[in-house]
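Engineer: Pasting structure.cif below, which is mmCIF, C-alpha atoms and all ligand atoms.
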data_final
#
loop_
_atom_site.group_PDB
_atom_site.id
_atom_site.type_symbol
_atom_site.label_atom_id
_atom_site.label_comp_id
_atom_site.auth_asym_id
_atom_site.auth_seq_id
_atom_site.Cartn_x
_atom_site.Cartn_y
_atom_site.Cartn_z
ATOM 1 C CA MET A 228 78.235 -32.070 14.690
ATOM 2 C CA ARG A 229 81.950 -32.044 13.945
ATOM 3 C CA LEU A 230 83.378 -35.109 12.297
ATOM 4 C CA ILE A 231 86.553 -36.386 10.745
ATOM 5 C CA LEU A 232 86.504 -39.071 8.075
ATOM 6 C CA LEU A 233 89.609 -41.202 7.947
ATOM 7 C CA GLY A 234 90.545 -43.641 5.235
ATOM 8 C CA PRO A 235 92.785 -44.209 2.221
ATOM 9 C CA PRO A 236 92.064 -42.830 -1.266
ATOM 10 C CA GLY A 237 89.060 -44.542 -2.786
ATOM 11 C CA CYS A 238 87.649 -45.757 0.549
ATOM 12 C CA GLY A 239 84.389 -43.858 0.067
ATOM 13 C CA LYS A 240 85.014 -40.738 2.170
ATOM 14 C CA GLY A 241 83.616 -38.464 -0.525
ATOM 15 C CA THR A 242 80.434 -40.504 -0.931
ATOM 16 C CA GLN A 243 79.766 -40.683 2.796
ATOM 17 C CA SER A 244 80.635 -37.015 3.373
ATOM 18 C CA GLN A 245 78.133 -35.953 0.752
ATOM 19 C CA ARG A 246 75.388 -37.933 2.428
ATOM 20 C CA LEU A 247 76.269 -36.741 5.917
ATOM 21 C CA THR A 248 76.133 -33.097 4.843
ATOM 22 C CA GLU A 249 72.579 -33.620 3.636
ATOM 23 C CA LYS A 250 71.487 -35.597 6.665
ATOM 24 C CA TYR A 251 72.945 -33.338 9.340
ATOM 25 C CA GLY A 252 72.952 -29.969 7.555
ATOM 26 C CA ILE A 253 76.676 -29.531 7.987
ATOM 27 C CA VAL A 254 79.363 -28.599 5.480
ATOM 28 C CA GLN A 255 81.939 -30.883 3.937
ATOM 29 C CA LEU A 256 85.403 -29.408 4.107
ATOM 30 C CA SER A 257 87.665 -31.297 1.732
ATOM 31 C CA THR A 258 91.252 -30.122 1.759
ATOM 32 C CA GLY A 259 91.774 -31.904 -1.567
ATOM 33 C CA ASP A 260 88.982 -29.792 -3.120
ATOM 34 C CA MET A 261 90.311 -26.611 -1.502
ATOM 35 C CA LEU A 262 93.807 -27.282 -2.799
ATOM 36 C CA ARG A 263 92.532 -28.122 -6.268
ATOM 37 C CA ALA A 264 90.597 -24.832 -6.270
ATOM 38 C CA ALA A 265 93.806 -22.997 -5.266
ATOM 39 C CA VAL A 266 95.707 -24.730 -8.074
ATOM 40 C CA LYS A 267 92.995 -23.765 -10.563
ATOM 41 C CA ALA A 268 92.962 -20.166 -9.369
ATOM 42 C CA GLY A 269 96.760 -20.012 -9.568
ATOM 43 C CA THR A 270 97.145 -18.619 -6.036
ATOM 44 C CA PRO A 271 100.596 -18.814 -4.371
ATOM 45 C CA VAL A 272 99.369 -21.829 -2.364
ATOM 46 C CA GLY A 273 98.091 -23.431 -5.552
ATOM 47 C CA LEU A 274 101.370 -22.891 -7.357
ATOM 48 C CA GLU A 275 103.274 -24.523 -4.532
ATOM 49 C CA ALA A 276 100.812 -27.396 -4.136
ATOM 50 C CA ARG A 277 100.325 -28.278 -7.799
ATOM 51 C CA ASP A 278 103.373 -30.468 -8.418
ATOM 52 C CA ILE A 279 103.332 -32.018 -4.963
ATOM 53 C CA MET A 280 99.735 -33.124 -5.482
ATOM 54 C CA ALA A 281 100.434 -34.412 -8.987
ATOM 55 C CA ARG A 282 103.181 -36.598 -7.503
ATOM 56 C CA GLY A 283 100.748 -38.012 -4.941
ATOM 57 C CA GLU A 284 102.677 -36.586 -1.987
ATOM 58 C CA LEU A 285 101.316 -34.524 0.875
ATOM 59 C CA VAL A 286 101.590 -30.737 0.823
ATOM 60 C CA PRO A 287 103.316 -29.198 3.872
ATOM 61 C CA ASP A 288 101.350 -29.274 7.133
ATOM 62 C CA ASP A 289 101.489 -25.499 7.727
ATOM 63 C CA MET A 290 99.979 -24.819 4.305
ATOM 64 C CA VAL A 291 96.994 -27.048 4.781
ATOM 65 C CA VAL A 292 96.530 -26.088 8.446
ATOM 66 C CA SER A 293 96.213 -22.413 7.538
ATOM 67 C CA ILE A 294 93.713 -23.197 4.785
ATOM 68 C CA VAL A 295 91.544 -25.163 7.218
ATOM 69 C CA ALA A 296 91.895 -22.560 9.988
ATOM 70 C CA GLU A 297 90.518 -19.924 7.637
ATOM 71 C CA ARG A 298 87.788 -22.168 6.309
ATOM 72 C CA ILE A 299 86.311 -23.251 9.633
ATOM 73 C CA GLU A 300 85.904 -19.603 10.595
ATOM 74 C CA GLN A 301 83.372 -19.127 7.777
ATOM 75 C CA PRO A 302 79.739 -18.741 8.871
ATOM 76 C CA ASP A 303 78.592 -21.883 7.040
ATOM 77 C CA ALA A 304 80.878 -24.026 9.230
ATOM 78 C CA LYS A 305 79.290 -22.756 12.453
ATOM 79 C CA ASN A 306 76.685 -25.528 12.558
ATOM 80 C CA GLY A 307 79.323 -28.166 12.172
ATOM 81 C CA PHE A 308 81.445 -29.807 9.517
ATOM 82 C CA ILE A 309 82.919 -32.987 8.163
ATOM 83 C CA LEU A 310 86.609 -32.831 7.531
ATOM 84 C CA ASP A 311 87.429 -34.940 4.503
ATOM 85 C CA GLY A 312 91.142 -35.388 3.854
ATOM 86 C CA PHE A 313 92.218 -33.480 6.932
ATOM 87 C CA PRO A 314 93.993 -34.090 9.237
ATOM 88 C CA ARG A 315 96.371 -36.347 7.345
ATOM 89 C CA THR A 316 99.322 -36.309 9.717
ATOM 90 C CA VAL A 317 99.651 -36.299 13.499
ATOM 91 C CA PRO A 318 100.943 -32.682 13.529
ATOM 92 C CA GLN A 319 97.848 -31.678 11.518
ATOM 93 C CA ALA A 320 95.651 -33.446 14.075
ATOM 94 C CA GLN A 321 97.394 -31.617 16.892
ATOM 95 C CA ALA A 322 96.979 -28.296 15.077
ATOM 96 C CA LEU A 323 93.286 -29.051 14.579
ATOM 97 C CA GLY A 324 92.960 -29.850 18.268
ATOM 98 C CA ARG A 325 94.435 -26.454 19.149
ATOM 99 C CA MET A 326 92.204 -24.648 16.631
ATOM 100 C CA LEU A 327 89.052 -26.222 18.028
ATOM 101 C CA GLU A 328 90.119 -25.612 21.599
ATOM 102 C CA GLN A 329 90.568 -21.920 20.822
ATOM 103 C CA LYS A 330 87.063 -21.857 19.406
ATOM 104 C CA GLY A 331 85.752 -23.698 22.469
ATOM 105 C CA VAL A 332 84.323 -26.554 20.413
ATOM 106 C CA LYS A 333 84.976 -30.282 20.284
ATOM 107 C CA LEU A 334 85.062 -33.059 17.715
ATOM 108 C CA ASP A 335 82.214 -35.564 17.992
ATOM 109 C CA ALA A 336 83.941 -38.466 16.271
ATOM 110 C CA ALA A 337 86.687 -39.575 13.920
ATOM 111 C CA ILE A 338 85.145 -42.152 11.621
ATOM 112 C CA GLU A 339 87.538 -44.600 10.049
ATOM 113 C CA LEU A 340 86.413 -46.307 6.848
ATOM 114 C CA LYS A 341 88.391 -49.503 6.869
ATOM 115 C CA VAL A 342 89.040 -51.084 3.476
ATOM 116 C CA ASP A 343 91.173 -53.726 1.879
ATOM 117 C CA GLU A 344 93.953 -52.053 -0.104
ATOM 118 C CA GLY A 345 93.428 -54.325 -3.114
ATOM 119 C CA ILE A 346 89.938 -52.978 -3.624
ATOM 120 C CA LEU A 347 91.148 -49.372 -3.767
ATOM 121 C CA HIS A 348 92.830 -49.911 -7.114
ATOM 122 C CA GLN A 349 89.640 -51.346 -8.575
ATOM 123 C CA ARG A 350 87.570 -48.487 -7.175
ATOM 124 C CA ILE A 351 89.884 -45.814 -8.558
ATOM 125 C CA ALA A 352 90.012 -47.589 -11.937
ATOM 126 C CA LYS A 353 86.214 -47.566 -11.988
ATOM 127 C CA ARG A 354 86.083 -43.899 -10.944
ATOM 128 C CA VAL A 355 88.474 -42.999 -13.776
ATOM 129 C CA ALA A 356 86.493 -45.068 -16.298
ATOM 130 C CA ASP A 357 83.187 -43.476 -15.171
ATOM 131 C CA MET A 358 84.625 -39.974 -15.389
ATOM 132 C CA LYS A 359 86.029 -40.652 -18.856
ATOM 133 C CA ALA A 360 82.651 -42.011 -19.956
ATOM 134 C CA ARG A 361 80.991 -38.807 -18.747
ATOM 135 C CA GLY A 362 83.594 -36.761 -20.606
ATOM 136 C CA GLU A 363 84.861 -35.194 -17.376
ATOM 137 C CA THR A 364 88.397 -33.972 -16.846
ATOM 138 C CA LEU A 365 90.454 -36.422 -14.831
ATOM 139 C CA ARG A 366 92.404 -35.445 -11.751
ATOM 140 C CA PRO A 367 96.114 -35.421 -12.557
ATOM 141 C CA ASP A 368 96.688 -37.774 -9.601
ATOM 142 C CA ASP A 369 94.063 -40.327 -10.649
ATOM 143 C CA ASN A 370 96.387 -42.784 -12.356
ATOM 144 C CA PRO A 371 97.786 -46.125 -11.168
ATOM 145 C CA GLU A 372 101.322 -44.900 -10.374
ATOM 146 C CA THR A 373 100.217 -41.875 -8.370
ATOM 147 C CA LEU A 374 97.491 -43.833 -6.646
ATOM 148 C CA GLU A 375 100.145 -46.214 -5.374
ATOM 149 C CA LYS A 376 101.986 -43.242 -3.870
ATOM 150 C CA ARG A 377 98.802 -41.821 -2.343
ATOM 151 C CA VAL A 378 98.038 -45.152 -0.693
ATOM 152 C CA HIS A 379 101.634 -45.316 0.551
ATOM 153 C CA ALA A 380 101.370 -41.755 1.939
ATOM 154 C CA TYR A 381 98.188 -42.802 3.720
ATOM 155 C CA ARG A 382 99.794 -45.884 5.207
ATOM 156 C CA VAL A 383 102.873 -44.071 6.462
ATOM 157 C CA GLN A 384 101.623 -40.583 7.363
ATOM 158 C CA THR A 385 97.880 -40.833 7.947
ATOM 159 C CA ALA A 386 97.203 -44.310 9.375
ATOM 160 C CA PRO A 387 98.861 -43.314 12.704
ATOM 161 C CA LEU A 388 95.833 -41.066 13.232
ATOM 162 C CA VAL A 389 93.775 -44.193 13.892
ATOM 163 C CA SER A 390 95.724 -44.742 17.119
ATOM 164 C CA TYR A 391 95.778 -41.016 17.802
ATOM 165 C CA TYR A 392 91.985 -40.724 17.787
ATOM 166 C CA LYS A 393 91.577 -44.051 19.565
ATOM 167 C CA GLU A 394 93.648 -42.653 22.401
ATOM 168 C CA HIS A 395 91.451 -39.566 22.428
ATOM 169 C CA GLY A 396 88.355 -41.764 22.691
ATOM 170 C CA LEU A 397 86.969 -40.480 19.386
ATOM 171 C CA LEU A 398 87.649 -43.315 16.940
ATOM 172 C CA ARG A 399 84.690 -45.141 15.369
ATOM 173 C CA THR A 400 85.653 -47.847 12.889
ATOM 174 C CA VAL A 401 83.263 -48.809 10.109
ATOM 175 C CA ASP A 402 83.672 -51.574 7.521
ATOM 176 C CA GLY A 403 84.185 -49.588 4.317
ATOM 177 C CA MET A 404 84.035 -52.776 2.227
ATOM 178 C CA ALA A 405 80.302 -53.121 2.845
ATOM 179 C CA PRO A 406 77.809 -51.777 0.254
ATOM 180 C CA ILE A 407 77.351 -47.977 0.425
ATOM 181 C CA PRO A 408 73.946 -48.043 2.241
ATOM 182 C CA GLU A 409 75.373 -50.387 4.879
ATOM 183 C CA VAL A 410 78.379 -48.165 5.451
ATOM 184 C CA SER A 411 75.992 -45.220 5.814
ATOM 185 C CA ALA A 412 73.813 -47.146 8.258
ATOM 186 C CA ALA A 413 76.821 -48.121 10.355
ATOM 187 C CA ILE A 414 77.935 -44.479 10.543
ATOM 188 C CA ASP A 415 74.418 -43.397 11.485
ATOM 189 C CA ARG A 416 74.307 -45.973 14.242
ATOM 190 C CA PHE A 417 77.431 -44.457 15.731
ATOM 191 C CA LEU A 418 76.100 -40.938 15.394
ATOM 192 C CA THR A 419 72.472 -41.367 16.345
ATOM 193 C CA LEU A 420 71.307 -44.719 17.622
ATOM 194 C CA GLU A 421 74.136 -45.075 20.069
ATOM 195 C CA PRO A 422 74.235 -41.758 21.850
ATOM 196 C CA GLU A 423 77.169 -42.968 23.919
ATOM 197 C CA ALA A 424 79.203 -43.109 20.715
ATOM 198 C CA CYS A 425 79.324 -39.340 20.679
ATOM 199 C CA ARG A 426 81.012 -38.043 23.748
ATOM 200 C CA PRO A 427 79.027 -35.186 25.324
ATOM 201 C CA ALA A 428 80.786 -31.827 25.329
ATOM 202 C CA GLY A 429 82.920 -31.161 28.354
ATOM 203 C CA ARG A 430 83.758 -34.760 29.095
ATOM 204 C CA VAL A 431 87.368 -35.684 29.712
ATOM 205 C CA PRO A 432 88.237 -37.552 26.476
ATOM 206 C CA ASP A 433 90.127 -40.491 27.910
ATOM 207 C CA ALA A 434 88.255 -40.968 31.160
ATOM 208 C CA ARG A 435 86.262 -43.992 29.978
ATOM 209 C CA ALA A 436 89.184 -45.565 28.155
ATOM 210 C CA ALA A 437 91.415 -45.136 31.195
ATOM 211 C CA GLN A 438 88.730 -46.620 33.406
ATOM 212 C CA ARG A 439 88.371 -49.603 31.082
ATOM 213 C CA GLN A 440 92.098 -50.208 31.020
ATOM 214 C CA ASP A 441 92.101 -50.183 34.807
ATOM 215 C CA GLY A 442 89.479 -52.891 34.690
ATOM 216 C CA GLN A 443 87.043 -50.621 36.531
ATOM 217 C CA GLY A 444 83.501 -50.090 35.469
ATOM 218 C CA LYS A 445 83.486 -53.305 33.431
ATOM 219 C CA ALA A 446 80.651 -54.904 35.301
ATOM 220 C CA ALA A 447 78.575 -51.785 34.897
ATOM 221 C CA ALA A 448 79.222 -51.532 31.141
ATOM 222 C CA LYS A 449 76.028 -51.712 29.124
ATOM 223 C CA PRO A 450 75.703 -54.383 26.417
ATOM 224 C CA ALA A 451 75.578 -51.740 23.636
ATOM 225 C CA ALA A 452 78.771 -50.162 24.877
ATOM 226 C CA ARG A 453 80.395 -53.589 25.104
ATOM 227 C CA ALA A 454 79.375 -54.441 21.547
ATOM 228 C CA ARG A 455 80.702 -51.147 20.300
ATOM 229 C CA ARG A 456 83.988 -51.659 22.090
ATOM 230 C CA LYS A 457 84.262 -55.086 20.510
ATOM 231 C CA ALA A 458 83.706 -53.561 17.073
ATOM 232 C CA ILE A 459 86.342 -50.926 17.725
ATOM 233 C CA ASN A 460 88.810 -53.452 19.109
ATOM 234 C CA LYS A 461 88.265 -55.635 16.080
ATOM 235 C CA GLY A 462 89.743 -52.870 13.972
ATOM 236 C CA ARG A 463 92.665 -52.306 16.341
ATOM 237 C CA GLY A 464 96.053 -52.593 14.738
ATOM 238 C CA ARG A 465 94.744 -52.646 11.181
ATOM 239 C CA GLY A 466 94.897 -49.463 9.330
HETATM 240 P P1 LIG B 1 92.317 -38.598 -2.040
HETATM 241 O O1 LIG B 1 91.152 -38.730 -2.944
HETATM 242 O O2 LIG B 1 93.557 -39.290 -2.515
HETATM 243 O O3 LIG B 1 92.018 -38.911 -0.626
HETATM 244 P P2 LIG B 1 92.293 -35.660 -1.787
HETATM 245 O O4 LIG B 1 91.384 -35.170 -2.841
HETATM 246 O O5 LIG B 1 91.817 -35.617 -0.395
HETATM 247 O O6 LIG B 1 92.819 -37.123 -2.168
HETATM 248 O O7 LIG B 1 93.691 -34.884 -1.863
HETATM 249 C C1 LIG B 1 94.448 -34.836 -3.059
HETATM 250 C C2 LIG B 1 95.869 -34.385 -2.756
HETATM 251 O O8 LIG B 1 95.836 -33.103 -2.084
HETATM 252 C C3 LIG B 1 96.661 -35.281 -1.803
HETATM 253 O O9 LIG B 1 97.266 -36.372 -2.472
HETATM 254 C C4 LIG B 1 97.679 -34.282 -1.259
HETATM 255 O O10 LIG B 1 98.705 -34.003 -2.181
HETATM 256 C C5 LIG B 1 96.862 -33.009 -1.112
HETATM 257 N N1 LIG B 1 96.231 -32.915 0.240
HETATM 258 C C6 LIG B 1 94.903 -32.929 0.511
HETATM 259 N N2 LIG B 1 94.675 -32.824 1.826
HETATM 260 C C7 LIG B 1 95.898 -32.742 2.412
HETATM 261 C C8 LIG B 1 96.350 -32.644 3.744
HETATM 262 N N3 LIG B 1 95.478 -32.594 4.775
HETATM 263 N N4 LIG B 1 97.689 -32.581 3.977
HETATM 264 C C9 LIG B 1 98.558 -32.622 2.986
HETATM 265 N N5 LIG B 1 98.209 -32.745 1.691
HETATM 266 C C10 LIG B 1 96.897 -32.804 1.401
#
Could you quickly redo this structure as structure tokens?
Structural biologist:
Amino acid sequence: MRLILLGPPGCGKGTQSQRLTEKYGIVQLSTGDMLRAAVKAGTPVGLEARDIMARGELVPDDMVVSIVAERIEQPDAKNGFILDGFPRTVPQAQALGRMLEQKGVKLDAAIELKVDEGILHQRIAKRVADMKARGETLRPDDNPETLEKRVHAYRVQTAPLVSYYKEHGLLRTVDGMAPIPEVSAAIDRFLTLEPEACRPAGRVPDARAAQRQDGQGKAAAKPAARARRKAINKGRGRG
């Protein structure tokens, strides 16, 4: 299983990734974690990324693409992975597409966790308070000013990926405002209970979407597929 989780900072990607790794026996590849490790280790990448990250901006595409390219070659990623925090720009998504094509593998889904921006500030404030209470070191970018910039970067640079993956027939939108178990259940429904939600390998990505736009195949559409389409359409244009 190869998944992408899409959503702004604080939307719950980390929480859901963690659970999905356990459930499906796949690895979570978080570019944020990889970059923070590089910063900590003082590697050339880390030195370049440190200030950019602290400002809440995105590091250059080529830097993060090469980190991911190396990481998905590791044996533990063979079974599958969840990309958390990558891709974050359309060029990164295109680079990922090329990488996977070279490996002869396909993405199963891009899961968007849709949340109200107002709630993000509360969630981050809570995360910071919880970390402080546990005596943990805070991330340099976990403060109100930088969070604002991270949300802005998401809106401008990452949100276009919602349309990108919709066009590729891979987008699955989940209500990230629901309680954690409900968000998990909604993701599971997409991944397991509705087998159609995961496009079988080898299928032309846009064939169904193109057919639907043509108005063909509508009568034959199954109720589950119709309901799913409705859910996806509901999220259209918000992101
Ligand atoms: P968040 O919790 O805000 O989603 P992450 O932990 O995923 O943040 O990433 C922290 C920072 O690392 C980002 O603000 C950005 O500077 C950098 N970063 C992580 N992933 C990417 C990426 N795919 N492209 C560019 N920059 C990235």
Engineer: Counting only C-alpha atoms and all ligand atoms, what are the residues, protein, DNA or RNA alike, that approach ligand LIG 1 (chain B) to within 8 Å? I want them as a ChimeraX atom specification.
Structural biologist: /A:234-237,240-241,257-260,262-263,276,279-288,291-292,311-316,319,368,374,377-378
Engineer: One decimal, Å: what's the distance from CA of Asn370 (chain A) over to CA of Cys238 (chain A), could you say?
Structural biologist: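 The value is 15.9 Å.
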Engineer: What does the distance from CA of Leu340 (chain A) to CA of Gly273 (chain A) come to in Å, to one decimal?
Structural biologist: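 Atom-to-atom, CA of Leu340 (chain A) to CA of Gly273 (chain A), that is 28.5 Å.
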Engineer: Identify all residues satisfying the PyMOL selection byres (((chain A and resi 230) around 9) and not hetatm) in the given file; provide them as a list in words.
Structural biologist: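 Applied to this file, the PyMOL selection byres (((chain A and resi 230) around 9) and not hetatm) returns Met228, Arg229, Ile231, Leu232, Gly307, Phe308, Ile309, Leu310, Asp311, Leu334, Asp335, Ala336, Ala337 and Ile338 of chain A.
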Engineer: Restricting the calculation to all atoms listed in the file: of A:Val342, A:Ala322, A:Gly269, A:Val355, which residue gets closest to Pro406 (chain A)?
Structural biologist: A:Val342
Engineer: Ranking A:Ile346, A:Met290, A:Val389, A:Ala413 by minimum distance to Glu275 (chain A) and counting only C-alpha atoms, which one comes first?
Structural biologist: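 Going through A:Ile346, A:Met290, A:Val389, A:Ala413 one by one, the smallest distance to Glu275 (chain A) is for A:Met290.
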Engineer: Which value, in Å to one decimal, gives the distance between CA of Ile407 (chain A) and CA of Leu233 (chain A)?
Structural biologist: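 CA of Ile407 (chain A) sits 15.9 Å away from CA of Leu233 (chain A).
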Engineer: On this structure, the PyMOL selection byres (((chain A and resi 411) around 10) and not hetatm) would catch which residues? List them as a list in words, sorted by chain and number.
Structural biologist: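 When the PyMOL selection byres (((chain A and resi 411) around 10) and not hetatm) is applied to the shown file, the picked residues are Thr242, Gln243, Ser244, Arg246, Leu247, Val401, Gly403, Ala405, Pro406, Ile407, Pro408, Glu409, Val410, Ala412, Ala413, Ile414, Asp415 and Arg416 of chain A.
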Engineer: Which residue is closest to Arg325 (chain A)? Choose from A:Leu365, A:Glu339, A:His348, A:Ala296 and count all atoms listed in the file.
Structural biologist: A:Ala296
